[in-house]
Amino acid sequence: MMLKKWESLPQEFRTEAVRPYYDSLRRKQCSLFLKRVFDIVVSALMLVILSPVFLVLAMAIKLDSPGPVFYRQIRVTQYGKRFRIFKFRSMVSNADKIGTQVTVGNDSRITRVGKVIRKCRLDEICQLIDIFRGTMTFVGTRPEVPKYVQAYTPEMLATLLLPAGVTSEASILYKDEEQLLSGAENVDATYIQDVLPGKMHYNLKAILNFSLWSDMRTMFRTVFAVLGKDDTDVSCKAGKTK
């Protein structure tokens with residue numbers, strides 16, 4: 001997870017808007033190395049331990065609706081590289097071709113098993129594969145589809161200096177994102193104009209304040225949020241993201 005030299009970054013990253021974030025991370029190369037070691041060791045252990053859960057989920061998904069076990073959508077990670085993310089399929093097959101690329105509350109494309117695994121975030125545990133491969137990390141900016149990355153401001157590109165993450169402070173604060181978008185007439189436009197800037201505010205802040213301790217704190221907060229013991233959200237801050 002070591003940073004590339006400034007002159008080796010893609011041209012669109014070599015801007016004054018990105019430079020402060022790059023310089024901040026550059027001073028933390030040792031922590032970035034340890035972050036990658038942690039990712040490899042912990043993801044490998046969890047893949048072994050959770051293999052029975054993977055099997056049960058795969059069987060439930062196949063019995064519930066026709067289609068593949070995994071949903072492999074194109075997302076964007078470090079330096080703008082595209083990859084196919086691993087997620088347990090929670091929606092009908094080809095859902096992204098019959099609707100928007102973000103999910104709203106009470107989305108009719110979600111399957112019966114999908115409702116359960118999404119509520120418990122079990123659809124994302126197979127991203128341990130992506131973490132082990134290095135295309136993702138435990139804590140970092142959630143990977144967006146290329147369509148939304150194209151709407152990034154020059155400053156937002158700084159979030160792509162590191163691999164995409166399974167969780168983040170923005171993910172916790174916007175855990176009810178689907179409900180925020182459920183009443184929108186144009187979901188894509190609302191996401192890009194209202195929700196994305198708010199999430200990026202926290203993602204950029206996390207880049208500047210990166211440390212192994214902050215990563216650990218975010219991981220624990222994520223567990224509490226999934227268990228319903230962290231009621232932090234942005235429902236009362238909606239005006240700040242507009």
# chains A, B, ... in the order shown; residues from 1 in each chain; ligands from 1
>>> select_by_dssp(residues="segment 5-229 of chain A", states="strand (DSSP E or B)", output="list in words")
Phe70, Tyr71, Ile74, Arg75, Val76, Arg82, Phe83, Arg84, Lys87, Phe88, Met91, Ile110, Met136, Thr137, Phe138, Val139, Ala164, Gly165, Val166 and Thr167 of chain A
>>> write_last_selection(atoms="N, CA and C atoms", output="PDB file, in the first residue's frame")
ATOM      1  N   PHE A  70     -22.434 -14.415  -6.482  1.00  0.00           N
ATOM      2  CA  PHE A  70     -21.756 -13.133  -6.307  1.00  0.00           C
ATOM      3  C   PHE A  70     -22.270 -12.097  -7.298  1.00  0.00           C
ATOM      4  N   TYR A  71     -22.243 -10.852  -6.846  1.00  0.00           N
ATOM      5  CA  TYR A  71     -22.539  -9.715  -7.706  1.00  0.00           C
ATOM      6  C   TYR A  71     -21.214  -9.029  -7.964  1.00  0.00           C
ATOM      7  N   ILE A  74     -18.454  -3.344 -11.544  1.00  0.00           N
ATOM      8  CA  ILE A  74     -17.234  -2.575 -11.738  1.00  0.00           C
ATOM      9  C   ILE A  74     -17.214  -1.399 -10.775  1.00  0.00           C
ATOM     10  N   ARG A  75     -16.141  -1.270  -9.998  1.00  0.00           N
ATOM     11  CA  ARG A  75     -15.951  -0.152  -9.082  1.00  0.00           C
ATOM     12  C   ARG A  75     -14.565   0.451  -9.324  1.00  0.00           C
ATOM     13  N   VAL A  76     -14.297   1.550  -8.637  1.00  0.00           N
ATOM     14  CA  VAL A  76     -13.022   2.262  -8.804  1.00  0.00           C
ATOM     15  C   VAL A  76     -12.263   2.264  -7.486  1.00  0.00           C
ATOM     16  N   ARG A  82      -9.886   0.385 -12.103  1.00  0.00           N
ATOM     17  CA  ARG A  82     -11.183  -0.281 -12.031  1.00  0.00           C
ATOM     18  C   ARG A  82     -11.006  -1.749 -11.650  1.00  0.00           C
ATOM     19  N   PHE A  83     -11.952  -2.267 -10.883  1.00  0.00           N
ATOM     20  CA  PHE A  83     -11.929  -3.677 -10.504  1.00  0.00           C
ATOM     21  C   PHE A  83     -13.361  -4.167 -10.338  1.00  0.00           C
ATOM     22  N   ARG A  84     -13.539  -5.460 -10.288  1.00  0.00           N
ATOM     23  CA  ARG A  84     -14.866  -6.057 -10.111  1.00  0.00           C
ATOM     24  C   ARG A  84     -15.004  -6.486  -8.652  1.00  0.00           C
ATOM     25  N   LYS A  87     -19.476  -9.070  -3.994  1.00  0.00           N
ATOM     26  CA  LYS A  87     -20.575  -8.893  -3.051  1.00  0.00           C
ATOM     27  C   LYS A  87     -21.502 -10.087  -3.210  1.00  0.00           C
ATOM     28  N   PHE A  88     -22.057 -10.570  -2.095  1.00  0.00           N
ATOM     29  CA  PHE A  88     -23.079 -11.593  -2.223  1.00  0.00           C
ATOM     30  C   PHE A  88     -24.307 -10.929  -2.850  1.00  0.00           C
ATOM     31  N   MET A  91     -29.892  -8.779  -4.796  1.00  0.00           N
ATOM     32  CA  MET A  91     -30.957  -8.276  -5.658  1.00  0.00           C
ATOM     33  C   MET A  91     -31.174  -9.260  -6.805  1.00  0.00           C
ATOM     34  N   ILE A 110     -34.659  -5.955  -4.548  1.00  0.00           N
ATOM     35  CA  ILE A 110     -34.035  -6.726  -3.474  1.00  0.00           C
ATOM     36  C   ILE A 110     -34.801  -8.025  -3.246  1.00  0.00           C
ATOM     37  N   MET A 136      -8.879  -3.723  -2.229  1.00  0.00           N
ATOM     38  CA  MET A 136      -9.593  -2.983  -1.198  1.00  0.00           C
ATOM     39  C   MET A 136      -8.825  -3.079   0.110  1.00  0.00           C
ATOM     40  N   THR A 137      -9.282  -2.319   1.106  1.00  0.00           N
ATOM     41  CA  THR A 137      -8.718  -2.342   2.450  1.00  0.00           C
ATOM     42  C   THR A 137      -9.872  -2.346   3.440  1.00  0.00           C
ATOM     43  N   PHE A 138      -9.605  -2.641   4.696  1.00  0.00           N
ATOM     44  CA  PHE A 138     -10.693  -2.675   5.671  1.00  0.00           C
ATOM     45  C   PHE A 138     -11.330  -1.299   5.843  1.00  0.00           C
ATOM     46  N   VAL A 139     -10.513  -0.276   6.013  1.00  0.00           N
ATOM     47  CA  VAL A 139     -11.041   1.073   6.252  1.00  0.00           C
ATOM     48  C   VAL A 139     -10.565   2.015   5.155  1.00  0.00           C
ATOM     49  N   ALA A 164      -9.825   1.461  -2.077  1.00  0.00           N
ATOM     50  CA  ALA A 164     -11.192   1.605  -1.576  1.00  0.00           C
ATOM     51  C   ALA A 164     -11.374   0.746  -0.331  1.00  0.00           C
ATOM     52  N   GLY A 165     -12.296   1.143   0.537  1.00  0.00           N
ATOM     53  CA  GLY A 165     -12.477   0.438   1.799  1.00  0.00           C
ATOM     54  C   GLY A 165     -13.829  -0.230   1.958  1.00  0.00           C
ATOM     55  N   VAL A 166     -13.883  -1.192   2.850  1.00  0.00           N
ATOM     56  CA  VAL A 166     -15.144  -1.857   3.182  1.00  0.00           C
ATOM     57  C   VAL A 166     -16.000  -0.950   4.046  1.00  0.00           C
ATOM     58  N   THR A 167     -15.355  -0.194   4.932  1.00  0.00           N
ATOM     59  CA  THR A 167     -16.097   0.709   5.798  1.00  0.00           C
ATOM     60  C   THR A 167     -15.319   2.002   5.989  1.00  0.00           C
TER      61      THR A 167
END
>>> closest_residue(among="A:Ala184, A:Leu161, A:Met156, A:Ala17", to="Gly198 of chain A", atoms="only C-alpha atoms")
A:Met156
>>> atom_distance(atom1="atom CA of Ile40 of chain A", atom2="atom CA of Phe13 of chain A")
26.9 Å
>>> residues_around(residues="Arg112 of chain A", least_positions_apart="2", cutoff="12 Å", atoms="only C-alpha atoms", output="PDB file with all heavy atoms, in the first residue's frame")
ATOM      1  N   ALA A  60     -28.310 -20.262   0.305  1.00  0.00           N
ATOM      2  CA  ALA A  60     -29.548 -19.504   0.501  1.00  0.00           C
ATOM      3  C   ALA A  60     -29.843 -18.613  -0.692  1.00  0.00           C
ATOM      4  O   ALA A  60     -30.994 -18.507  -1.145  1.00  0.00           O
ATOM      5  CB  ALA A  60     -29.439 -18.655   1.769  1.00  0.00           C
ATOM      6  N   ILE A  61     -28.825 -17.975  -1.224  1.00  0.00           N
ATOM      7  CA  ILE A  61     -29.000 -17.084  -2.373  1.00  0.00           C
ATOM      8  C   ILE A  61     -29.447 -17.861  -3.601  1.00  0.00           C
ATOM      9  O   ILE A  61     -30.359 -17.435  -4.324  1.00  0.00           O
ATOM     10  CB  ILE A  61     -27.689 -16.320  -2.660  1.00  0.00           C
ATOM     11  CG1 ILE A  61     -27.425 -15.314  -1.532  1.00  0.00           C
ATOM     12  CG2 ILE A  61     -27.749 -15.595  -4.005  1.00  0.00           C
ATOM     13  CD1 ILE A  61     -26.025 -14.731  -1.546  1.00  0.00           C
ATOM     14  N   LYS A  62     -28.824 -19.006  -3.846  1.00  0.00           N
ATOM     15  CA  LYS A  62     -29.176 -19.819  -5.020  1.00  0.00           C
ATOM     16  C   LYS A  62     -30.588 -20.371  -4.914  1.00  0.00           C
ATOM     17  O   LYS A  62     -31.312 -20.457  -5.911  1.00  0.00           O
ATOM     18  CB  LYS A  62     -28.176 -20.965  -5.183  1.00  0.00           C
ATOM     19  CG  LYS A  62     -26.783 -20.522  -5.593  1.00  0.00           C
ATOM     20  CD  LYS A  62     -26.764 -19.880  -6.981  1.00  0.00           C
ATOM     21  CE  LYS A  62     -27.006 -20.892  -8.083  1.00  0.00           C
ATOM     22  NZ  LYS A  62     -26.879 -20.280  -9.430  1.00  0.00           N
ATOM     23  N   LEU A  63     -31.007 -20.760  -3.707  1.00  0.00           N
ATOM     24  CA  LEU A  63     -32.352 -21.310  -3.520  1.00  0.00           C
ATOM     25  C   LEU A  63     -33.427 -20.229  -3.589  1.00  0.00           C
ATOM     26  O   LEU A  63     -34.566 -20.500  -3.954  1.00  0.00           O
ATOM     27  CB  LEU A  63     -32.433 -22.028  -2.162  1.00  0.00           C
ATOM     28  CG  LEU A  63     -31.630 -23.323  -2.037  1.00  0.00           C
ATOM     29  CD1 LEU A  63     -31.656 -23.820  -0.601  1.00  0.00           C
ATOM     30  CD2 LEU A  63     -32.213 -24.393  -2.972  1.00  0.00           C
ATOM     31  N   ASP A  64     -33.061 -18.992  -3.259  1.00  0.00           N
ATOM     32  CA  ASP A  64     -34.037 -17.907  -3.190  1.00  0.00           C
ATOM     33  C   ASP A  64     -34.407 -17.347  -4.553  1.00  0.00           C
ATOM     34  O   ASP A  64     -35.572 -17.023  -4.805  1.00  0.00           O
ATOM     35  CB  ASP A  64     -33.493 -16.783  -2.314  1.00  0.00           C
ATOM     36  CG  ASP A  64     -34.501 -15.657  -2.121  1.00  0.00           C
ATOM     37  OD1 ASP A  64     -35.664 -15.955  -1.812  1.00  0.00           O
ATOM     38  OD2 ASP A  64     -34.113 -14.491  -2.279  1.00  0.00           O
ATOM     39  N   SER A  65     -33.427 -17.208  -5.442  1.00  0.00           N
ATOM     40  CA  SER A  65     -33.715 -16.613  -6.753  1.00  0.00           C
ATOM     41  C   SER A  65     -32.670 -17.046  -7.767  1.00  0.00           C
ATOM     42  O   SER A  65     -31.523 -17.333  -7.397  1.00  0.00           O
ATOM     43  CB  SER A  65     -33.725 -15.076  -6.649  1.00  0.00           C
ATOM     44  OG  SER A  65     -32.442 -14.589  -6.316  1.00  0.00           O
ATOM     45  N   ARG A  89     -24.867 -11.574  -3.845  1.00  0.00           N
ATOM     46  CA  ARG A  89     -25.996 -10.983  -4.570  1.00  0.00           C
ATOM     47  C   ARG A  89     -27.214 -10.871  -3.653  1.00  0.00           C
ATOM     48  O   ARG A  89     -27.668 -11.849  -3.083  1.00  0.00           O
ATOM     49  CB  ARG A  89     -26.344 -11.828  -5.801  1.00  0.00           C
ATOM     50  CG  ARG A  89     -27.463 -11.232  -6.647  1.00  0.00           C
ATOM     51  CD  ARG A  89     -27.655 -12.018  -7.942  1.00  0.00           C
ATOM     52  NE  ARG A  89     -27.953 -13.413  -7.698  1.00  0.00           N
ATOM     53  CZ  ARG A  89     -29.162 -13.898  -7.422  1.00  0.00           C
ATOM     54  NH1 ARG A  89     -30.205 -13.072  -7.363  1.00  0.00           N
ATOM     55  NH2 ARG A  89     -29.337 -15.183  -7.204  1.00  0.00           N
ATOM     56  N   SER A  90     -27.728  -9.656  -3.518  1.00  0.00           N
ATOM     57  CA  SER A  90     -28.900  -9.411  -2.675  1.00  0.00           C
ATOM     58  C   SER A  90     -30.088  -8.903  -3.479  1.00  0.00           C
ATOM     59  O   SER A  90     -31.148  -8.641  -2.917  1.00  0.00           O
ATOM     60  CB  SER A  90     -28.558  -8.381  -1.583  1.00  0.00           C
ATOM     61  OG  SER A  90     -28.192  -7.146  -2.162  1.00  0.00           O
ATOM     62  N   MET A  91     -29.892  -8.779  -4.796  1.00  0.00           N
ATOM     63  CA  MET A  91     -30.957  -8.276  -5.658  1.00  0.00           C
ATOM     64  C   MET A  91     -31.174  -9.260  -6.805  1.00  0.00           C
ATOM     65  O   MET A  91     -30.393 -10.207  -6.990  1.00  0.00           O
ATOM     66  CB  MET A  91     -30.587  -6.888  -6.202  1.00  0.00           C
ATOM     67  CG  MET A  91     -30.242  -5.872  -5.117  1.00  0.00           C
ATOM     68  SD  MET A  91     -29.760  -4.251  -5.756  1.00  0.00           S
ATOM     69  CE  MET A  91     -31.378  -3.531  -6.046  1.00  0.00           C
ATOM     70  N   VAL A  92     -32.223  -9.038  -7.566  1.00  0.00           N
ATOM     71  CA  VAL A  92     -32.477  -9.903  -8.711  1.00  0.00           C
ATOM     72  C   VAL A  92     -31.329  -9.788  -9.693  1.00  0.00           C
ATOM     73  O   VAL A  92     -30.593  -8.791  -9.712  1.00  0.00           O
ATOM     74  CB  VAL A  92     -33.806  -9.525  -9.414  1.00  0.00           C
ATOM     75  CG1 VAL A  92     -34.980  -9.752  -8.483  1.00  0.00           C
ATOM     76  CG2 VAL A  92     -33.773  -8.076  -9.896  1.00  0.00           C
ATOM     77  N   ASN A 106     -36.833   0.208   0.339  1.00  0.00           N
ATOM     78  CA  ASN A 106     -37.929  -0.580  -0.229  1.00  0.00           C
ATOM     79  C   ASN A 106     -37.752  -0.831  -1.725  1.00  0.00           C
ATOM     80  O   ASN A 106     -38.719  -0.866  -2.486  1.00  0.00           O
ATOM     81  CB  ASN A 106     -39.277   0.119   0.018  1.00  0.00           C
ATOM     82  CG  ASN A 106     -39.581   0.293   1.486  1.00  0.00           C
ATOM     83  OD1 ASN A 106     -39.359  -0.612   2.284  1.00  0.00           O
ATOM     84  ND2 ASN A 106     -40.076   1.473   1.854  1.00  0.00           N
ATOM     85  N   ASP A 107     -36.514  -0.991  -2.159  1.00  0.00           N
ATOM     86  CA  ASP A 107     -36.214  -1.256  -3.571  1.00  0.00           C
ATOM     87  C   ASP A 107     -36.806  -2.604  -3.966  1.00  0.00           C
ATOM     88  O   ASP A 107     -36.514  -3.631  -3.349  1.00  0.00           O
ATOM     89  CB  ASP A 107     -34.696  -1.258  -3.782  1.00  0.00           C
ATOM     90  CG  ASP A 107     -34.305  -1.076  -5.243  1.00  0.00           C
ATOM     91  OD1 ASP A 107     -34.872  -1.788  -6.078  1.00  0.00           O
ATOM     92  OD2 ASP A 107     -33.456  -0.212  -5.526  1.00  0.00           O
ATOM     93  N   SER A 108     -37.628  -2.608  -5.005  1.00  0.00           N
ATOM     94  CA  SER A 108     -38.317  -3.831  -5.426  1.00  0.00           C
ATOM     95  C   SER A 108     -37.362  -4.876  -6.002  1.00  0.00           C
ATOM     96  O   SER A 108     -37.746  -6.044  -6.157  1.00  0.00           O
ATOM     97  CB  SER A 108     -39.398  -3.491  -6.463  1.00  0.00           C
ATOM     98  OG  SER A 108     -38.818  -2.899  -7.619  1.00  0.00           O
ATOM     99  N   ARG A 109     -36.139  -4.481  -6.309  1.00  0.00           N
ATOM    100  CA  ARG A 109     -35.177  -5.421  -6.887  1.00  0.00           C
ATOM    101  C   ARG A 109     -34.514  -6.303  -5.826  1.00  0.00           C
ATOM    102  O   ARG A 109     -33.866  -7.292  -6.163  1.00  0.00           O
ATOM    103  CB  ARG A 109     -34.089  -4.645  -7.654  1.00  0.00           C
ATOM    104  CG  ARG A 109     -34.612  -3.847  -8.842  1.00  0.00           C
ATOM    105  CD  ARG A 109     -33.524  -2.952  -9.416  1.00  0.00           C
ATOM    106  NE  ARG A 109     -33.107  -1.938  -8.456  1.00  0.00           N
ATOM    107  CZ  ARG A 109     -32.066  -1.121  -8.641  1.00  0.00           C
ATOM    108  NH1 ARG A 109     -31.347  -1.218  -9.741  1.00  0.00           N
ATOM    109  NH2 ARG A 109     -31.754  -0.228  -7.704  1.00  0.00           N
ATOM    110  N   ILE A 110     -34.659  -5.955  -4.548  1.00  0.00           N
ATOM    111  CA  ILE A 110     -34.035  -6.726  -3.474  1.00  0.00           C
ATOM    112  C   ILE A 110     -34.801  -8.025  -3.246  1.00  0.00           C
ATOM    113  O   ILE A 110     -36.028  -8.025  -3.145  1.00  0.00           O
ATOM    114  CB  ILE A 110     -33.987  -5.905  -2.174  1.00  0.00           C
ATOM    115  CG1 ILE A 110     -33.196  -4.618  -2.377  1.00  0.00           C
ATOM    116  CG2 ILE A 110     -33.361  -6.719  -1.046  1.00  0.00           C
ATOM    117  CD1 ILE A 110     -33.182  -3.695  -1.176  1.00  0.00           C
ATOM    118  N   GLY A 114     -31.965 -11.304   0.223  1.00  0.00           N
ATOM    119  CA  GLY A 114     -31.215 -10.054   0.127  1.00  0.00           C
ATOM    120  C   GLY A 114     -31.570  -9.072   1.229  1.00  0.00           C
ATOM    121  O   GLY A 114     -30.704  -8.373   1.755  1.00  0.00           O
ATOM    122  N   LYS A 115     -32.833  -8.992   1.591  1.00  0.00           N
ATOM    123  CA  LYS A 115     -33.262  -8.075   2.651  1.00  0.00           C
ATOM    124  C   LYS A 115     -32.588  -8.412   3.971  1.00  0.00           C
ATOM    125  O   LYS A 115     -32.201  -7.519   4.729  1.00  0.00           O
ATOM    126  CB  LYS A 115     -34.781  -8.141   2.814  1.00  0.00           C
ATOM    127  CG  LYS A 115     -35.560  -7.529   1.656  1.00  0.00           C
ATOM    128  CD  LYS A 115     -37.055  -7.636   1.886  1.00  0.00           C
ATOM    129  CE  LYS A 115     -37.826  -7.027   0.719  1.00  0.00           C
ATOM    130  NZ  LYS A 115     -39.302  -7.163   0.897  1.00  0.00           N
ATOM    131  N   VAL A 116     -32.445  -9.702   4.232  1.00  0.00           N
ATOM    132  CA  VAL A 116     -31.837 -10.143   5.491  1.00  0.00           C
ATOM    133  C   VAL A 116     -30.342  -9.865   5.504  1.00  0.00           C
ATOM    134  O   VAL A 116     -29.808  -9.292   6.460  1.00  0.00           O
ATOM    135  CB  VAL A 116     -32.093 -11.649   5.723  1.00  0.00           C
ATOM    136  CG1 VAL A 116     -31.380 -12.122   6.988  1.00  0.00           C
ATOM    137  CG2 VAL A 116     -33.582 -11.929   5.810  1.00  0.00           C
ATOM    138  N   ILE A 117     -29.651 -10.272   4.438  1.00  0.00           N
ATOM    139  CA  ILE A 117     -28.198 -10.123   4.444  1.00  0.00           C
ATOM    140  C   ILE A 117     -27.762  -8.660   4.321  1.00  0.00           C
ATOM    141  O   ILE A 117     -26.721  -8.270   4.838  1.00  0.00           O
ATOM    142  CB  ILE A 117     -27.527 -10.980   3.346  1.00  0.00           C
ATOM    143  CG1 ILE A 117     -27.927 -10.514   1.939  1.00  0.00           C
ATOM    144  CG2 ILE A 117     -27.852 -12.444   3.547  1.00  0.00           C
ATOM    145  CD1 ILE A 117     -27.187 -11.271   0.833  1.00  0.00           C
ATOM    146  N   ARG A 118     -28.595  -7.827   3.672  1.00  0.00           N
ATOM    147  CA  ARG A 118     -28.253  -6.406   3.590  1.00  0.00           C
ATOM    148  C   ARG A 118     -28.417  -5.733   4.949  1.00  0.00           C
ATOM    149  O   ARG A 118     -27.622  -4.867   5.325  1.00  0.00           O
ATOM    150  CB  ARG A 118     -29.135  -5.708   2.550  1.00  0.00           C
ATOM    151  CG  ARG A 118     -28.817  -6.063   1.110  1.00  0.00           C
ATOM    152  CD  ARG A 118     -29.821  -5.446   0.161  1.00  0.00           C
ATOM    153  NE  ARG A 118     -29.613  -4.016   0.061  1.00  0.00           N
ATOM    154  CZ  ARG A 118     -28.831  -3.424  -0.848  1.00  0.00           C
ATOM    155  NH1 ARG A 118     -28.172  -4.161  -1.732  1.00  0.00           N
ATOM    156  NH2 ARG A 118     -28.701  -2.124  -0.884  1.00  0.00           N
ATOM    157  N   LYS A 119     -29.441  -6.133   5.685  1.00  0.00           N
ATOM    158  CA  LYS A 119     -29.687  -5.545   7.003  1.00  0.00           C
ATOM    159  C   LYS A 119     -28.514  -5.810   7.938  1.00  0.00           C
ATOM    160  O   LYS A 119     -28.138  -4.955   8.759  1.00  0.00           O
ATOM    161  CB  LYS A 119     -30.974  -6.111   7.599  1.00  0.00           C
ATOM    162  CG  LYS A 119     -31.349  -5.508   8.939  1.00  0.00           C
ATOM    163  CD  LYS A 119     -32.679  -6.050   9.444  1.00  0.00           C
ATOM    164  CE  LYS A 119     -33.061  -5.435  10.776  1.00  0.00           C
ATOM    165  NZ  LYS A 119     -34.360  -5.964  11.269  1.00  0.00           N
TER     166      LYS A 119
END
>>> closest_residue(among="A:Met2, A:Leu227, A:Ile207, A:Leu9", to="Cys30 of chain A", atoms="only C-alpha atoms")
A:Met2
>>> select_by_dssp(residues="segment 70-227 of chain A", states="helix (DSSP H, G or I)", output="ChimeraX atom specification")
/A:78-80,95-97,112-119,122-133,146-149,156-161,169-173,177-181,187-208,212-226
>>> residues_around(residues="Leu32 of chain A", least_positions_apart="6", cutoff="10 Å", atoms="only C-alpha atoms", output="ChimeraX atom specification")
/A:1-3,25-26,38,162,210-212
>>> write_last_selection(atoms="all heavy atoms", output="mmCIF file, in the first residue's frame")
data_model
loop_
_atom_site.group_PDB
_atom_site.id
_atom_site.type_symbol
_atom_site.label_atom_id
_atom_site.label_comp_id
_atom_site.auth_asym_id
_atom_site.auth_seq_id
_atom_site.Cartn_x
_atom_site.Cartn_y
_atom_site.Cartn_z
ATOM 1 N N MET A 1 0.824 -1.198 0.000
ATOM 2 C CA MET A 1 0.000 0.000 0.000
ATOM 3 C C MET A 1 0.866 1.259 0.000
ATOM 4 O O MET A 1 0.408 2.355 0.293
ATOM 5 C CB MET A 1 -0.928 0.012 1.207
ATOM 6 C CG MET A 1 -2.120 0.941 1.094
ATOM 7 S SD MET A 1 -3.166 0.876 2.545
ATOM 8 C CE MET A 1 -3.800 -0.783 2.427
ATOM 9 N N MET A 2 2.124 1.101 -0.331
ATOM 10 C CA MET A 2 3.023 2.247 -0.367
ATOM 11 C C MET A 2 2.600 3.211 -1.472
ATOM 12 O O MET A 2 2.186 2.790 -2.553
ATOM 13 C CB MET A 2 4.460 1.784 -0.598
ATOM 14 C CG MET A 2 4.924 0.747 0.418
ATOM 15 S SD MET A 2 4.816 1.299 2.132
ATOM 16 C CE MET A 2 6.243 2.375 2.174
ATOM 17 N N LEU A 3 2.706 4.493 -1.198
ATOM 18 C CA LEU A 3 2.314 5.503 -2.171
ATOM 19 C C LEU A 3 3.312 5.561 -3.326
ATOM 20 O O LEU A 3 4.517 5.400 -3.136
ATOM 21 C CB LEU A 3 2.250 6.873 -1.513
ATOM 22 C CG LEU A 3 1.050 7.199 -0.623
ATOM 23 C CD1 LEU A 3 1.231 8.589 -0.025
ATOM 24 C CD2 LEU A 3 -0.249 7.119 -1.396
ATOM 25 N N LEU A 25 -0.176 11.778 3.656
ATOM 26 C CA LEU A 25 0.009 10.326 3.620
ATOM 27 C C LEU A 25 1.473 9.956 3.444
ATOM 28 O O LEU A 25 1.935 8.941 3.984
ATOM 29 C CB LEU A 25 -0.820 9.729 2.475
ATOM 30 C CG LEU A 25 -2.343 9.755 2.656
ATOM 31 C CD1 LEU A 25 -3.030 9.284 1.375
ATOM 32 C CD2 LEU A 25 -2.779 8.877 3.822
ATOM 33 N N ARG A 26 2.194 10.765 2.708
ATOM 34 C CA ARG A 26 3.599 10.481 2.452
ATOM 35 C C ARG A 26 4.400 10.428 3.755
ATOM 36 O O ARG A 26 5.384 9.683 3.870
ATOM 37 C CB ARG A 26 4.185 11.559 1.525
ATOM 38 C CG ARG A 26 5.559 11.242 0.969
ATOM 39 C CD ARG A 26 5.491 10.143 -0.070
ATOM 40 N NE ARG A 26 6.803 9.830 -0.611
ATOM 41 C CZ ARG A 26 7.032 8.841 -1.462
ATOM 42 N NH1 ARG A 26 6.033 8.070 -1.856
ATOM 43 N NH2 ARG A 26 8.238 8.601 -1.916
ATOM 44 N N PHE A 38 -1.687 -5.742 8.114
ATOM 45 C CA PHE A 38 -2.900 -6.039 8.876
ATOM 46 C C PHE A 38 -3.989 -6.575 7.946
ATOM 47 O O PHE A 38 -4.659 -7.575 8.265
ATOM 48 C CB PHE A 38 -3.389 -4.770 9.579
ATOM 49 C CG PHE A 38 -4.685 -4.936 10.322
ATOM 50 C CD1 PHE A 38 -4.699 -5.385 11.634
ATOM 51 C CD2 PHE A 38 -5.908 -4.643 9.712
ATOM 52 C CE1 PHE A 38 -5.887 -5.535 12.329
ATOM 53 C CE2 PHE A 38 -7.101 -4.796 10.389
ATOM 54 C CZ PHE A 38 -7.098 -5.240 11.699
ATOM 55 N N LEU A 162 -5.555 5.998 -1.829
ATOM 56 C CA LEU A 162 -5.517 4.725 -1.114
ATOM 57 C C LEU A 162 -6.557 3.780 -1.708
ATOM 58 O O LEU A 162 -7.508 4.232 -2.374
ATOM 59 C CB LEU A 162 -5.802 4.945 0.368
ATOM 60 C CG LEU A 162 -4.804 5.801 1.147
ATOM 61 C CD1 LEU A 162 -5.253 5.936 2.598
ATOM 62 C CD2 LEU A 162 -3.404 5.203 1.085
ATOM 63 N N PHE A 210 -5.410 10.168 8.867
ATOM 64 C CA PHE A 210 -5.173 8.728 8.854
ATOM 65 C C PHE A 210 -4.158 8.288 9.906
ATOM 66 O O PHE A 210 -3.113 8.904 10.098
ATOM 67 C CB PHE A 210 -4.657 8.279 7.482
ATOM 68 C CG PHE A 210 -4.012 6.914 7.519
ATOM 69 C CD1 PHE A 210 -4.791 5.780 7.681
ATOM 70 C CD2 PHE A 210 -2.634 6.782 7.455
ATOM 71 C CE1 PHE A 210 -4.196 4.523 7.755
ATOM 72 C CE2 PHE A 210 -2.035 5.535 7.529
ATOM 73 C CZ PHE A 210 -2.822 4.400 7.671
ATOM 74 N N SER A 211 -4.494 7.197 10.596
ATOM 75 C CA SER A 211 -3.578 6.500 11.499
ATOM 76 C C SER A 211 -4.132 5.105 11.701
ATOM 77 O O SER A 211 -5.319 4.850 11.451
ATOM 78 C CB SER A 211 -3.460 7.221 12.844
ATOM 79 O OG SER A 211 -4.669 7.111 13.583
ATOM 80 N N LEU A 212 -3.302 4.184 12.154
ATOM 81 C CA LEU A 212 -3.784 2.834 12.438
ATOM 82 C C LEU A 212 -4.835 2.852 13.543
ATOM 83 O O LEU A 212 -5.806 2.084 13.518
ATOM 84 C CB LEU A 212 -2.616 1.927 12.830
ATOM 85 C CG LEU A 212 -1.608 1.613 11.716
ATOM 86 C CD1 LEU A 212 -0.470 0.767 12.268
ATOM 87 C CD2 LEU A 212 -2.300 0.884 10.560
#
>>> closest_residue(among="A:Leu57, A:Leu122, A:Ile131, A:Val187", to="Ser43 of chain A", atoms="only C-alpha atoms")
A:Ile131
>>> residues_around(residues="segment 149-153 of chain A", least_positions_apart="4", cutoff="12 Å", atoms="only C-alpha atoms", output="PyMOL selection string")
chain A and resi 12-13+15+17-18+74-82+141-145+157-160+188-189+191-193+196-197+199-201+204
>>> closest_residue(among="A:Arg19, A:Arg72, A:Lys147, A:Arg221", to="Ile172 of chain A", atoms="only C-alpha atoms")
A:Arg221
>>> closest_residue(among="A:Leu128, A:Val113, A:Val226, A:Val53", to="Val41 of chain A", atoms="only C-alpha atoms")
A:Leu128
>>> closest_residue(among="A:Glu155, A:Glu169, A:Asp23, A:Glu16", to="Ser214 of chain A", atoms="only C-alpha atoms")
A:Glu169
